[in-house]
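See below for start-v8.txt, which holds compact mmCIF, C-alpha atoms (C1' of nucleotides).
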# COMPACT_ATOMS: atom_id res chain seq x y z
CA MET W 1 -32.15 -19.57 8.05
CA ASP W 2 -29.38 -19.76 5.45
CA ALA W 3 -27.16 -17.09 6.97
CA LEU W 4 -23.90 -17.96 8.66
CA THR W 5 -22.20 -16.27 11.56
CA ILE W 6 -18.78 -14.79 11.11
CA HIS W 7 -16.93 -17.87 12.33
CA GLU W 8 -18.93 -20.18 10.10
CA ALA W 9 -18.47 -17.88 7.16
CA ALA W 10 -14.77 -17.74 7.88
CA GLU W 11 -14.44 -21.52 7.91
CA THR W 12 -16.35 -22.09 4.70
CA SER W 13 -14.72 -19.22 2.84
CA GLY W 14 -11.14 -19.73 3.94
CA TRP W 15 -10.70 -16.35 5.59
CA THR W 16 -10.35 -15.66 9.29
CA PRO W 17 -13.05 -13.82 11.22
CA ARG W 18 -10.55 -11.04 11.69
CA MET W 19 -10.14 -10.67 7.95
CA LEU W 20 -13.88 -10.78 7.35
CA ARG W 21 -14.21 -7.74 9.57
CA TYR W 22 -11.33 -6.08 7.76
CA ILE W 23 -12.85 -6.82 4.37
CA GLU W 24 -16.00 -5.19 5.61
CA ARG W 25 -14.15 -2.18 6.94
CA ILE W 26 -12.55 -1.43 3.60
CA GLY W 27 -15.96 -1.64 1.97
CA LEU W 28 -15.64 -4.81 -0.07
CA ILE W 29 -18.25 -7.08 1.52
CA GLU W 30 -20.75 -5.70 4.00
CA PRO W 31 -22.96 -8.47 5.33
CA ALA W 32 -26.40 -7.83 6.77
CA ARG W 33 -26.69 -7.53 10.52
CA SER W 34 -29.05 -9.30 12.87
CA GLY W 35 -31.17 -7.27 15.25
CA SER W 36 -28.49 -7.45 17.89
CA GLY W 37 -25.69 -6.55 15.52
CA TYR W 38 -24.33 -9.96 14.54
CA ARG W 39 -22.99 -10.18 11.01
CA MET W 40 -24.98 -12.58 8.85
CA TYR W 41 -23.34 -13.96 5.74
CA GLY W 42 -25.70 -15.29 3.08
CA PRO W 43 -24.87 -17.47 0.09
CA GLY W 44 -24.10 -14.44 -2.00
CA GLU W 45 -21.56 -13.16 0.46
CA LEU W 46 -19.96 -16.59 0.74
CA GLN W 47 -19.61 -16.86 -3.00
CA ARG W 48 -18.14 -13.39 -3.12
CA LEU W 49 -15.66 -14.22 -0.39
CA ARG W 50 -14.47 -17.25 -2.30
CA THR W 51 -14.18 -15.50 -5.62
CA LEU W 52 -12.37 -12.67 -3.86
CA ARG W 53 -9.65 -15.06 -2.74
CA GLU W 54 -9.35 -16.38 -6.26
CA LEU W 55 -9.18 -12.89 -7.67
CA LEU W 56 -6.37 -11.91 -5.32
CA ALA W 57 -4.40 -15.08 -5.90
CA GLU W 58 -4.85 -15.10 -9.64
CA HIS W 59 -3.51 -11.62 -10.20
CA ASP W 60 -1.38 -11.17 -7.12
CA LEU W 61 -3.50 -8.33 -5.81
CA GLY W 62 -4.01 -7.03 -2.30
CA LEU W 63 -7.30 -6.20 -0.68
CA GLY W 64 -6.31 -2.57 -0.89
CA ASP W 65 -6.05 -2.84 -4.65
CA VAL W 66 -9.58 -4.12 -4.97
CA ALA W 67 -10.77 -1.49 -2.52
CA PHE W 68 -9.14 1.14 -4.69
CA ALA W 69 -10.82 -0.23 -7.79
CA LEU W 70 -14.11 -0.01 -5.94
CA ARG W 71 -13.39 3.57 -4.95
CA MET W 72 -12.66 4.41 -8.57
CA ARG W 73 -15.96 2.96 -9.62
CA GLN W 74 -17.86 4.85 -6.96
CA ASP W 75 -16.14 8.18 -7.46
CA GLY W 76 -16.76 9.08 -11.07
CA ALA W 77 -14.73 12.28 -10.85
CA MET W 78 -11.72 10.40 -9.60
CA GLN W 79 -12.17 7.71 -12.18
CA GLY W 80 -12.30 10.33 -14.89
CA ASP W 81 -9.24 12.18 -13.64
CA VAL W 82 -7.16 9.03 -13.29
CA ASP W 83 -8.22 7.72 -16.67
CA ALA W 84 -7.51 11.06 -18.26
CA TRP W 85 -4.03 11.12 -16.79
CA LEU W 86 -3.26 7.60 -17.88
CA GLU W 87 -4.61 8.13 -21.35
CA ALA W 88 -2.58 11.26 -21.83
CA GLU W 89 0.50 9.12 -22.18
CA PRO W 90 0.15 6.46 -24.87
CA ARG W 91 -1.65 8.56 -27.44
CA ARG W 92 -0.11 11.89 -28.33
CA PRO W 93 -2.42 14.14 -30.32
CA GLU W 94 -1.99 17.67 -29.02
CA THR W 95 -5.44 17.96 -27.52
CA VAL W 96 -7.91 15.35 -26.38
CA THR W 97 -11.50 16.37 -26.90
CA ALA W 98 -14.50 14.74 -25.32
CA GLU W 99 -15.29 13.19 -28.68
CA ASP W 100 -11.80 11.76 -28.94
CA TRP W 101 -12.23 10.24 -25.56
CA LEU W 102 -15.60 8.74 -26.35
CA ARG W 103 -14.30 7.24 -29.55
CA TRP W 104 -11.41 5.73 -27.63
CA GLU W 105 -13.86 4.32 -25.09
CA GLN W 106 -15.98 2.84 -27.83
CA GLU W 107 -13.03 1.21 -29.47
CA LYS W 108 -12.40 -0.32 -26.10
CA HIS W 109 -15.59 -2.27 -26.60
CA ALA W 110 -14.15 -4.01 -29.58
CA ARG W 111 -11.23 -5.05 -27.43
CA ILE W 112 -13.56 -6.13 -24.66
CA LEU W 113 -15.64 -8.22 -27.03
CA GLU W 114 -12.52 -9.89 -28.31
CA ALA W 115 -11.54 -10.66 -24.76
CA VAL W 116 -14.96 -12.11 -24.03
CA ASN W 117 -14.86 -14.35 -27.04
CA ALA W 118 -11.30 -15.40 -26.56
CA ASN W 119 -11.87 -16.23 -22.90
CA PRO W 120 -15.50 -17.32 -22.40
CA LYS W 121 -15.48 -17.82 -18.62
CA MET W 122 -17.79 -14.85 -18.20
CA GLU W 123 -20.43 -16.55 -16.04
CA THR W 124 -20.75 -15.37 -12.49
CA THR W 125 -22.38 -18.60 -11.48
CA ALA W 126 -23.97 -17.20 -8.35
CA MET K 1 17.49 20.78 -27.17
CA ASP K 2 14.32 21.06 -25.10
CA ALA K 3 14.96 18.11 -22.79
CA LEU K 4 15.82 18.63 -19.14
CA THR K 5 18.06 16.55 -16.92
CA ILE K 6 16.63 14.93 -13.86
CA HIS K 7 17.59 17.76 -11.52
CA GLU K 8 16.14 20.39 -13.80
CA ALA K 9 12.98 18.38 -14.29
CA ALA K 10 12.72 17.94 -10.54
CA GLU K 11 12.97 21.66 -9.92
CA THR K 12 10.41 22.66 -12.49
CA SER K 13 7.96 19.92 -11.62
CA GLY K 14 8.14 20.08 -7.85
CA TRP K 15 9.36 16.53 -7.32
CA THR K 16 12.79 15.49 -6.12
CA PRO K 17 15.20 13.61 -8.39
CA ARG K 18 14.77 10.64 -6.10
CA MET K 19 11.02 10.64 -6.65
CA LEU K 20 11.40 11.02 -10.39
CA ARG K 21 13.39 7.81 -10.40
CA TYR K 22 10.78 6.18 -8.21
CA ILE K 23 7.97 7.32 -10.47
CA GLU K 24 9.83 5.79 -13.34
CA ARG K 25 10.41 2.54 -11.49
CA ILE K 26 6.72 2.03 -10.86
CA GLY K 27 6.04 2.60 -14.51
CA LEU K 28 4.23 5.93 -14.45
CA ILE K 29 6.62 8.19 -16.38
CA GLU K 30 9.53 6.75 -18.30
CA PRO K 31 11.60 9.50 -19.86
CA ALA K 32 13.79 8.93 -22.87
CA ARG K 33 17.46 8.26 -22.28
CA SER K 34 20.45 9.91 -23.82
CA GLY K 35 23.09 7.77 -25.46
CA SER K 36 24.99 7.52 -22.20
CA GLY K 37 21.92 6.70 -20.14
CA TYR K 38 20.93 10.12 -18.78
CA ARG K 39 17.21 10.63 -18.34
CA MET K 40 15.83 13.34 -20.60
CA TYR K 41 12.54 14.93 -19.66
CA GLY K 42 10.69 16.65 -22.47
CA PRO K 43 7.76 19.06 -22.23
CA GLY K 44 5.31 16.19 -22.27
CA GLU K 45 6.92 14.54 -19.30
CA LEU K 46 7.06 17.81 -17.41
CA GLN K 47 3.38 18.40 -17.97
CA ARG K 48 2.60 14.89 -16.87
CA LEU K 49 4.68 15.29 -13.75
CA ARG K 50 2.77 18.40 -12.81
CA THR K 51 -0.65 16.96 -13.48
CA LEU K 52 0.36 13.86 -11.57
CA ARG K 53 0.91 15.94 -8.45
CA GLU K 54 -2.46 17.58 -8.94
CA LEU K 55 -4.13 14.23 -9.44
CA LEU K 56 -2.68 12.82 -6.23
CA ALA K 57 -3.50 15.89 -4.19
CA GLU K 58 -6.99 16.30 -5.58
CA HIS K 59 -8.14 12.81 -4.75
CA ASP K 60 -5.74 11.94 -1.96
CA LEU K 61 -4.17 9.12 -3.92
CA GLY K 62 -0.77 7.51 -3.62
CA LEU K 63 1.59 6.76 -6.45
CA GLY K 64 0.84 3.11 -5.90
CA ASP K 65 -2.83 3.74 -6.59
CA VAL K 66 -2.10 5.28 -9.95
CA ALA K 67 0.35 2.52 -10.71
CA PHE K 68 -2.36 0.00 -9.96
CA ALA K 69 -4.80 1.79 -12.25
CA LEU K 70 -2.16 1.64 -14.95
CA ARG K 71 -1.66 -2.05 -14.36
CA MET K 72 -5.41 -2.60 -14.68
CA ARG K 73 -5.44 -0.80 -17.96
CA GLN K 74 -2.51 -2.79 -19.30
CA ASP K 75 -3.69 -6.18 -18.10
CA GLY K 76 -7.07 -6.69 -19.70
CA ALA K 77 -7.62 -10.03 -18.02
CA MET K 78 -7.07 -8.51 -14.60
CA GLN K 79 -9.26 -5.57 -15.45
CA GLY K 80 -12.01 -7.91 -16.53
CA ASP K 81 -11.75 -10.08 -13.44
CA VAL K 82 -11.73 -7.15 -11.04
CA ASP K 83 -14.62 -5.47 -12.81
CA ALA K 84 -16.56 -8.70 -12.84
CA TRP K 85 -16.06 -9.15 -9.12
CA LEU K 86 -17.08 -5.61 -8.32
CA GLU K 87 -20.10 -5.74 -10.57
CA ALA K 88 -21.30 -8.98 -9.08
CA GLU K 89 -22.34 -7.03 -5.99
CA PRO K 90 -24.66 -4.14 -6.88
CA ARG K 91 -26.62 -5.89 -9.61
CA ARG K 92 -28.02 -9.27 -8.80
CA PRO K 93 -29.34 -11.14 -11.81
CA GLU K 94 -28.49 -14.82 -11.33
CA THR K 95 -26.11 -15.07 -14.23
CA VAL K 96 -24.12 -12.46 -16.06
CA THR K 97 -23.71 -13.23 -19.73
CA ALA K 98 -21.22 -11.61 -22.04
CA GLU K 99 -24.11 -9.71 -23.59
CA ASP K 100 -25.26 -8.44 -20.21
CA TRP K 101 -21.80 -7.23 -19.56
CA LEU K 102 -21.48 -5.50 -22.87
CA ARG K 103 -24.82 -3.77 -22.37
CA TRP K 104 -23.66 -2.65 -18.96
CA GLU K 105 -20.44 -1.32 -20.45
CA GLN K 106 -22.34 0.54 -23.10
CA GLU K 107 -24.65 2.12 -20.59
CA LYS K 108 -21.52 3.26 -18.87
CA HIS K 109 -20.94 5.48 -21.88
CA ALA K 110 -24.07 7.40 -21.15
CA ARG K 111 -22.75 8.03 -17.67
CA ILE K 112 -19.35 8.97 -19.02
CA LEU K 113 -20.84 11.43 -21.47
CA GLU K 114 -22.84 13.02 -18.69
CA ALA K 115 -19.68 13.36 -16.70
CA VAL K 116 -17.91 14.97 -19.64
CA ASN K 117 -20.67 17.47 -20.15
CA ALA K 118 -21.12 18.24 -16.50
CA ASN K 119 -17.39 18.74 -16.02
CA PRO K 120 -15.91 20.01 -19.29
CA LYS K 121 -12.24 20.18 -18.26
CA MET K 122 -11.44 17.39 -20.66
CA GLU K 123 -8.56 19.05 -22.45
CA THR K 124 -5.15 17.55 -21.94
CA THR K 125 -3.43 20.72 -22.97
CA ALA K 126 -0.12 19.08 -23.68
C1' DG M 1 41.65 17.25 -16.04
C1' DA M 2 38.63 19.01 -12.50
C1' DA M 3 33.94 20.45 -11.36
C1' DA M 4 29.52 19.32 -11.71
C1' DC M 5 26.69 16.61 -13.45
C1' DC M 6 24.60 11.76 -14.22
C1' DT M 7 23.97 6.47 -13.23
C1' DT M 8 22.68 2.29 -10.17
C1' DG M 9 22.67 0.22 -5.72
C1' DA M 10 22.41 0.05 -0.76
C1' DC M 11 21.09 1.41 3.95
C1' DA M 12 17.67 3.73 6.66
C1' DC M 13 13.68 5.74 8.57
C1' DA M 14 8.67 7.12 9.18
C1' DC M 15 4.47 5.87 8.11
C1' DC M 16 0.66 2.92 6.58
C1' DT M 17 -1.42 -1.71 5.70
C1' DT M 18 -2.39 -6.15 6.86
C1' DT M 19 -3.05 -9.46 10.20
C1' DG M 20 -3.20 -11.49 14.87
C1' DG M 21 -4.38 -11.31 19.68
C1' DT M 22 -6.79 -9.92 23.76
C1' DA M 23 -10.03 -7.51 26.77
C1' DA M 24 -14.62 -5.88 28.25
C1' DG M 25 -19.05 -6.53 27.44
C1' DG M 26 -23.76 -8.08 25.03
C1' DT M 27 -26.58 -12.40 22.96
C1' DT M 28 -28.15 -17.13 22.13
C1' DT M 29 -28.97 -21.45 23.42
C1' DG M 30 -28.89 -25.93 25.74
C1' DC R 1 -27.25 -19.52 34.13
C1' DA R 2 -23.21 -20.99 31.93
C1' DA R 3 -20.98 -22.04 27.61
C1' DA R 4 -20.11 -20.42 23.42
C1' DC R 5 -20.98 -17.35 20.61
C1' DC R 6 -20.97 -12.27 19.01
C1' DT R 7 -19.59 -7.08 19.25
C1' DT R 8 -16.14 -3.03 19.37
C1' DA R 9 -11.71 -1.24 20.67
C1' DC R 10 -7.30 -1.44 21.54
C1' DC R 11 -1.96 -3.14 21.23
C1' DA R 12 1.40 -5.22 18.30
C1' DA R 13 4.24 -7.26 14.81
C1' DA R 14 5.50 -8.07 9.96
C1' DG R 15 5.83 -6.20 5.65
C1' DG R 16 5.24 -2.50 2.04
C1' DT R 17 5.59 2.52 0.50
C1' DG R 18 7.54 6.88 0.06
C1' DT R 19 11.53 9.42 0.75
C1' DG R 20 16.38 10.81 1.99
C1' DT R 21 21.18 10.08 1.77
C1' DC R 22 25.45 8.17 0.58
C1' DA R 23 28.98 5.50 -2.22
C1' DA R 24 31.34 4.01 -6.41
C1' DG R 25 31.73 4.98 -10.84
C1' DG R 26 30.67 7.06 -15.82
C1' DT R 27 29.84 11.73 -18.66
C1' DT R 28 29.90 16.62 -19.97
C1' DT R 29 31.80 20.83 -20.01
C1' DC R 30 34.85 24.41 -19.32
Could you take the file, read its structure, and then write that structure out as structure tokens?
Amino acid sequence: MDALTIHEAAETSGWTPRMLRYIERIGLIEPARSGSGYRMYGPGELQRLRTLRELLAEHDLGLGDVAFALRMRQDGAMQGDVDAWLEAEPRRPETVTAEDWLRWEQEKHARILEAVNANPKMETTA
Amino acid sequence: MDALTIHEAAETSGWTPRMLRYIERIGLIEPARSGSGYRMYGPGELQRLRTLRELLAEHDLGLGDVAFALRMRQDGAMQGDVDAWLEAEPRRPETVTAEDWLRWEQEKHARILEAVNANPKMETTA
DNA sequence: GAAACCTTGACACACCTTTGGTAAGGTTTG
DNA sequence: CAAACCTTACCAAAGGTGTGTCAAGGTTTC
């Protein structure tokens, strides 16, 4: 039995039980439930709770921000629309074709690779 | 002279002058300034203002959401950290290497291309 | 030079988010 | 079976967002 109850998970992760429920409600971490409905936090959830605090502190984010990022990732249409709107600004060729967009996205990989190499803390040491 | 003042831009875009200033303050649309500091909205800005309203309405977003998406795009480190946190959930290989991540990103292109083809309104008819 | 703009800054208000507390009731365990 | 958990569902307070309005002062235009 390596699953903690909500109070135990709260203590070891640095959140309050209240916030653990809130984090679940906004869809960020949804622990398994016991037969009678108790939340059961496993090692994966605990790790995620800790890294979540770091993520928020490091970049001065709110839980809502991360929830929004999650929503973007889950709703491809929204993601596409938002990205399209944001990309319409910096570049300014009259018309953006799908091929233009894909090329832009692929160039992004070069930037990503640079970031990876420049900053090699890419392990999610679960 | 095809640049509008803030009141004119407000009328033709459906925002209020107040909101145009707010939209500028959160970094979404920053019009050029005349020598004496007046905001000057060109056709590009007007188009962006209109599509911004559509974007918000279509996906029930707030201006803050779009501003956050912009911040993600501008701050690569934040983008990487948030993405890493979100991706740590659905997949569950013990360790995510830079190569894993890149492969994942590249597979994303297949999904993006599908989205483009399925939903070919990719023109930013500026 | 006066009317009609523009600028920034402040005060304000309605609403939403985040967080805490408490109440009524079910579960686990010594 | 009672203590110590857990659950959901409310009420509430602090802070942030989105929006309006007003004031003091500069600019454009007739």
**Prompt:** Residues at most 8 Å from segment 13-26 of chain M, counting only C-alpha atoms (C1' of nucleotides), excluding those fewer than 3 positions away in the same chain, as an NGL selection string?
**Reply:** (:W and (18-19)) or (:R and (6-7 or 16-17))
**Asked** Between atom CA of Arg25 of chain K and atom CA of Glu58 of chain K, what is the spacing in Å?
**Response** 23.0 Å
**chain K residues near chain R (10 Å cut-off, all atoms listed in the file) as a ChimeraX atom specification** = /K:16,18-19,22,36-38,62-64
**Coordinates-based distance that separates atom CA of Leu56 of chain K from atom CA of Thr12 of chain K (Å, one decimal)** =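 Computed distance, atom CA of Thr12 of chain K to atom CA of Leu56 of chain K, equals 17.5 Å.
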**Message:** as JSON, numbers by chain, could you give me every residue of chain M near chain K (at most 10 Å apart, counting only C-alpha atoms (C1' of nucleotides))?
**Reply:** {"M": [5, 6, 7]}
**Item:** Separation of atom CA of Arg71 of chain W from atom CA of Gly14 of chain W in Å
**Value:**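 One can read the atom CA of Gly14 of chain W to atom CA of Arg71 of chain W distance as 25.0 Å.
Between chain K and the candidates W:Arg48, W:Arg53, W:Arg33, W:Arg21, the tightest atom-to-atom separation, counting all atoms listed in the file, involves W:Arg48.
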**Message:** List as a list in words the protein and nucleic acid residues near Val66 of chain W, meaning an atom at most 12 Å away when only C-alpha atoms (C1' of nucleotides) are counted, but skip any in the same chain fewer than 6 places from it.
**Reply:** Ile23, Ile26, Gly27, Leu28, Ile29, Leu52, Arg53, Leu55, Leu56, His59, Asp60, Met72 and Arg73 of chain W; Asp65, Phe68, Ala69, Met72, Met78, Gln79, Asp81, Val82, Asp83, Ala84, Trp85 and Leu86 of chain K
**Message:** Here is a test: counting all atoms listed in the file, which residue of W:Leu20, W:Leu4, W:Ala77, W:Ala67 is nearest to Ser34 of chain W?
**Reply:** W:Leu4
**Complete:** Of K:Pro31, K:Ala57, K:Thr51, K:Leu46, the one nearest to chain W when counting all atoms listed in the file is K:Thr51
